[in-house]
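I have placed the structure first, in the form of structure tokens, so that the comments after it can refer back to it.
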Amino acid sequence: MRITVPNFSLKHTLDSGQFFRYRPKGDGYECRERDLAFTVRQKGDYLAFSGTSEEHARQLFGLNQDYEKIIADLKKDKTLLPAINKYHGLRIMQRDLWETIISFQCSIMSNVKKIRLNMNCLATEFGKNNAFPAPGQMNDLERIKKCATGFRAKYILAANELVDEKWLLRLQKMNYEHAREKLMEIPGIAEKVADCICLFSLGHFAAFPVDVWIERIMEKTYFDSKKTKHNDLRAFAQERWGELAGYAQQFLYHHARHNESTQP
DNA sequence: ATCCAGGAATTTT
DNA sequence: AAAATTCATGGA
């Protein structure tokens, strides 16, 4: 299957810390999400993939979004221009909800490389032929710990017990504020992780996750390098970028991690 | 070896 | 209410 995709960068999107089970293969990538395994590659404005449907690819990579309007709005803020211009085509994905929940429980005080290790291991340990285990299938604390999840293992186990398919469907119908609150009922999910799930799976672009990278670049850019509370950073972002705060966050995050001048 | 990583929960001031 | 401490582990 091959489709035309203007204003999209597969590389920037995959490499921006929202998606973890993928690896380069040939001139493209091999991706896994829940029970799907598929390959995808991009040449110019063409996206070629096999192993999944066009509908799924469009949803997963955010290809149905009005990208030109999103970027036009964000470009009104000149402080975002370097990141937007350098990483044009970076999109917010709309990932599988359950796998996203576990991904960002794993993210607590960790790093992207290790989250990838955790997720691949959980799929190997519990899933059938590399599918990610469904809710209810990760019911062994010691085996969860074998995947280097450490103190996060008990959170994953709790989510596995609390969540089922009905729970997931209900969450997908909630607005941002309600979904955020509901997610925080799960052990191991507080503001930041809930915002990541709202942003990368539920399409709530108002969500603004504040991690150490965002904290650094926000304080440096907008707060005269002064230590600022996460809630104040989040309030500032939602005041400044409104319903697109999460999109602004993703450009800032990706730019901070890949730019020498913004390294710690 | 020492320090850090897409923080949350708990305990202590 | 706010600040400090604890929690595990791979990688640099």
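Going by the structure tokens order, chains are called A, B, ..., each with residues numbered from 1, while ligands are numbered from 1 in the order shown.
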Please find the residues of chain A near chain C - the criterion being any atom within 9 Å, counting only C-alpha atoms (C1' of nucleotides) - and write them as a ChimeraX atom specification. /A:110,113-114,148-152
Using N, CA, C and O atoms, can you export the residues from the last selection as a short mmCIF file (atom, residue, chain, number, x, y, z; two decimals), in the first residue's frame?
```cif
data_model
loop_
_atom_site.label_atom_id
_atom_site.label_comp_id
_atom_site.auth_asym_id
_atom_site.auth_seq_id
_atom_site.Cartn_x
_atom_site.Cartn_y
_atom_site.Cartn_z
N SER A 110 13.08 7.22 33.85
CA SER A 110 13.80 6.32 32.95
C SER A 110 14.24 7.10 31.72
O SER A 110 14.34 8.32 31.77
N LYS A 113 15.58 4.85 25.60
CA LYS A 113 16.19 3.59 25.24
C LYS A 113 15.74 2.46 26.15
O LYS A 113 15.48 1.34 25.72
N LYS A 114 15.62 2.79 27.44
CA LYS A 114 15.24 1.74 28.38
C LYS A 114 13.75 1.42 28.31
O LYS A 114 13.35 0.27 28.50
N ALA A 148 13.36 -5.65 33.55
CA ALA A 148 14.09 -4.46 34.03
C ALA A 148 13.16 -3.30 34.35
O ALA A 148 13.53 -2.14 34.21
N THR A 149 11.95 -3.62 34.80
CA THR A 149 10.99 -2.56 35.13
C THR A 149 11.16 -2.06 36.55
O THR A 149 10.62 -1.00 36.91
N GLY A 150 11.88 -2.82 37.40
CA GLY A 150 12.20 -2.35 38.74
C GLY A 150 10.98 -1.99 39.57
O GLY A 150 10.00 -2.74 39.60
N PHE A 151 11.04 -0.81 40.22
CA PHE A 151 9.92 -0.40 41.10
C PHE A 151 8.64 -0.11 40.34
O PHE A 151 7.58 0.02 40.94
N ARG A 152 8.72 -0.04 39.00
CA ARG A 152 7.52 0.23 38.20
C ARG A 152 6.67 -1.02 38.00
O ARG A 152 5.51 -0.93 37.57
#
```
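Every residue of stretch 10-129 of chain A found in strand (DSSP E or B) when DSSP is run on the backbone appears here: A:Tyr22, A:Arg23, A:Pro24, A:Lys25, A:Gly28, A:Tyr29, A:Glu30, A:Cys31, A:Arg32, A:Glu33, A:Leu36, A:Ala37, A:Phe38, A:Thr39, A:Val40, A:Arg41, A:Gln42, A:Lys43, A:Tyr46, A:Leu47, A:Ala48, A:Phe49, A:Ser50.
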Would you mind listing, as a PyMOL selection string, all residues of chain B that have at least one atom within 12 Å of chain A, where only C-alpha atoms (C1' of nucleotides) are what counts? chain B and resi 4-9
Residues near A:Cys198, anyone? I mean within 7 Å using only C-alpha atoms (C1' of nucleotides), not counting same-chain ones fewer than 6 positions away, as a PDB file with N, CA, C and O atoms, in the first residue's frame.
```pdb
ATOM      1  N   TYR A 176     -10.720  15.858  27.776  1.00  0.00           N
ATOM      2  CA  TYR A 176      -9.359  15.857  28.315  1.00  0.00           C
ATOM      3  C   TYR A 176      -9.329  15.813  29.843  1.00  0.00           C
ATOM      4  O   TYR A 176      -8.664  14.961  30.437  1.00  0.00           O
ATOM      5  N   ARG A 180      -7.996  12.620  32.047  1.00  0.00           N
ATOM      6  CA  ARG A 180      -6.795  12.830  32.870  1.00  0.00           C
ATOM      7  C   ARG A 180      -7.047  12.368  34.306  1.00  0.00           C
ATOM      8  O   ARG A 180      -6.230  11.661  34.902  1.00  0.00           O
ATOM      9  N   HIS A 204      -5.774  14.484  22.698  1.00  0.00           N
ATOM     10  CA  HIS A 204      -6.032  15.726  23.443  1.00  0.00           C
ATOM     11  C   HIS A 204      -4.804  16.626  23.356  1.00  0.00           C
ATOM     12  O   HIS A 204      -3.915  16.579  24.200  1.00  0.00           O
ATOM     13  N   ALA A 207      -3.139  18.729  26.239  1.00  0.00           N
ATOM     14  CA  ALA A 207      -2.315  18.134  27.300  1.00  0.00           C
ATOM     15  C   ALA A 207      -0.870  18.586  27.155  1.00  0.00           C
ATOM     16  O   ALA A 207      -0.334  18.630  26.043  1.00  0.00           O
TER      17      ALA A 207
END
```
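Interatomic distance, atom CA of A:Glu239 against atom CA of A:Phe251: 17.3 Å.
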Hey, what's within 10 Å of A:Arg23 if we count only C-alpha atoms (C1' of nucleotides) and toss same-chain stuff fewer than 5 positions away? As a PDB file with all heavy atoms, in the first residue's frame, please?
```pdb
ATOM      1  N   LEU A  14       8.712   9.219  14.525  1.00  0.00           N
ATOM      2  CA  LEU A  14       9.100   8.024  15.274  1.00  0.00           C
ATOM      3  C   LEU A  14      10.167   8.334  16.310  1.00  0.00           C
ATOM      4  O   LEU A  14      10.188   7.735  17.382  1.00  0.00           O
ATOM      5  CB  LEU A  14       9.643   6.957  14.305  1.00  0.00           C
ATOM      6  CG  LEU A  14       8.614   6.210  13.464  1.00  0.00           C
ATOM      7  CD1 LEU A  14       9.325   5.253  12.514  1.00  0.00           C
ATOM      8  CD2 LEU A  14       7.632   5.448  14.347  1.00  0.00           C
ATOM      9  N   GLY A  28      13.535   1.543   5.709  1.00  0.00           N
ATOM     10  CA  GLY A  28      12.354   1.964   6.458  1.00  0.00           C
ATOM     11  C   GLY A  28      12.412   1.487   7.895  1.00  0.00           C
ATOM     12  O   GLY A  28      13.487   1.427   8.494  1.00  0.00           O
ATOM     13  N   TYR A  29      11.261   1.139   8.430  1.00  0.00           N
ATOM     14  CA  TYR A  29      11.183   0.712   9.822  1.00  0.00           C
ATOM     15  C   TYR A  29      10.235  -0.472   9.956  1.00  0.00           C
ATOM     16  O   TYR A  29       9.278  -0.605   9.198  1.00  0.00           O
ATOM     17  CB  TYR A  29      10.650   1.844  10.716  1.00  0.00           C
ATOM     18  CG  TYR A  29      11.461   3.096  10.669  1.00  0.00           C
ATOM     19  CD1 TYR A  29      11.195   4.079   9.713  1.00  0.00           C
ATOM     20  CD2 TYR A  29      12.497   3.305  11.579  1.00  0.00           C
ATOM     21  CE1 TYR A  29      11.937   5.248   9.664  1.00  0.00           C
ATOM     22  CE2 TYR A  29      13.249   4.465  11.540  1.00  0.00           C
ATOM     23  CZ  TYR A  29      12.964   5.435  10.584  1.00  0.00           C
ATOM     24  OH  TYR A  29      13.700   6.583  10.533  1.00  0.00           O
ATOM     25  N   GLU A  30      10.519  -1.299  10.968  1.00  0.00           N
ATOM     26  CA  GLU A  30       9.595  -2.342  11.370  1.00  0.00           C
ATOM     27  C   GLU A  30       8.947  -1.883  12.676  1.00  0.00           C
ATOM     28  O   GLU A  30       9.651  -1.573  13.638  1.00  0.00           O
ATOM     29  CB  GLU A  30      10.354  -3.651  11.583  1.00  0.00           C
ATOM     30  CG  GLU A  30       9.471  -4.818  11.937  1.00  0.00           C
ATOM     31  CD  GLU A  30      10.291  -6.102  12.052  1.00  0.00           C
ATOM     32  OE1 GLU A  30      11.220  -6.149  12.881  1.00  0.00           O
ATOM     33  OE2 GLU A  30       9.998  -7.038  11.299  1.00  0.00           O
ATOM     34  N   CYS A  31       7.622  -1.829  12.689  1.00  0.00           N
ATOM     35  CA  CYS A  31       6.886  -1.293  13.843  1.00  0.00           C
ATOM     36  C   CYS A  31       5.975  -2.351  14.430  1.00  0.00           C
ATOM     37  O   CYS A  31       5.457  -3.212  13.711  1.00  0.00           O
ATOM     38  CB  CYS A  31       6.006  -0.106  13.426  1.00  0.00           C
ATOM     39  SG  CYS A  31       6.896   1.244  12.655  1.00  0.00           S
ATOM     40  N   ARG A  32       5.778  -2.281  15.741  1.00  0.00           N
ATOM     41  CA  ARG A  32       4.816  -3.155  16.413  1.00  0.00           C
ATOM     42  C   ARG A  32       3.949  -2.322  17.333  1.00  0.00           C
ATOM     43  O   ARG A  32       4.435  -1.469  18.065  1.00  0.00           O
ATOM     44  CB  ARG A  32       5.535  -4.236  17.211  1.00  0.00           C
ATOM     45  CG  ARG A  32       6.354  -5.176  16.343  1.00  0.00           C
ATOM     46  CD  ARG A  32       7.109  -6.190  17.175  1.00  0.00           C
ATOM     47  NE  ARG A  32       8.059  -6.933  16.367  1.00  0.00           N
ATOM     48  CZ  ARG A  32       7.737  -7.983  15.613  1.00  0.00           C
ATOM     49  NH1 ARG A  32       6.486  -8.403  15.579  1.00  0.00           N
ATOM     50  NH2 ARG A  32       8.643  -8.597  14.903  1.00  0.00           N
ATOM     51  N   THR A  39       5.609  -2.973   8.436  1.00  0.00           N
ATOM     52  CA  THR A  39       6.767  -2.201   8.007  1.00  0.00           C
ATOM     53  C   THR A  39       6.287  -0.936   7.319  1.00  0.00           C
ATOM     54  O   THR A  39       5.198  -0.905   6.742  1.00  0.00           O
ATOM     55  CB  THR A  39       7.647  -2.992   7.020  1.00  0.00           C
ATOM     56  OG1 THR A  39       6.857  -3.326   5.873  1.00  0.00           O
ATOM     57  CG2 THR A  39       8.169  -4.259   7.669  1.00  0.00           C
ATOM     58  N   ARG A 116      12.094   1.378  25.615  1.00  0.00           N
ATOM     59  CA  ARG A 116      12.040   0.474  24.468  1.00  0.00           C
ATOM     60  C   ARG A 116      12.405  -0.950  24.884  1.00  0.00           C
ATOM     61  O   ARG A 116      11.743  -1.912  24.508  1.00  0.00           O
ATOM     62  CB  ARG A 116      13.006   1.003  23.401  1.00  0.00           C
ATOM     63  CG  ARG A 116      12.970   0.275  22.096  1.00  0.00           C
ATOM     64  CD  ARG A 116      13.875   0.963  21.095  1.00  0.00           C
ATOM     65  NE  ARG A 116      13.440   2.323  20.805  1.00  0.00           N
ATOM     66  CZ  ARG A 116      14.231   3.269  20.339  1.00  0.00           C
ATOM     67  NH1 ARG A 116      15.510   3.025  20.161  1.00  0.00           N
ATOM     68  NH2 ARG A 116      13.744   4.463  20.073  1.00  0.00           N
TER      69      ARG A 116
END
```
What parts of stretch 70-235 of chain A does DSSP call alpha helix (DSSP H)? I'd like the answer as a PyMOL selection string. chain A and resi 70-74+81-86+97-106+112-126+141-145+153-162+165-173+176-183+191-200+212-222+230-235
To one decimal place, how far is atom CA of A:Ser9 from atom CA of A:Leu90 in Å? 5.6 Å
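The coordinates place atom CA of A:Gln59 at 18.3 Å from atom CA of A:Ala206.
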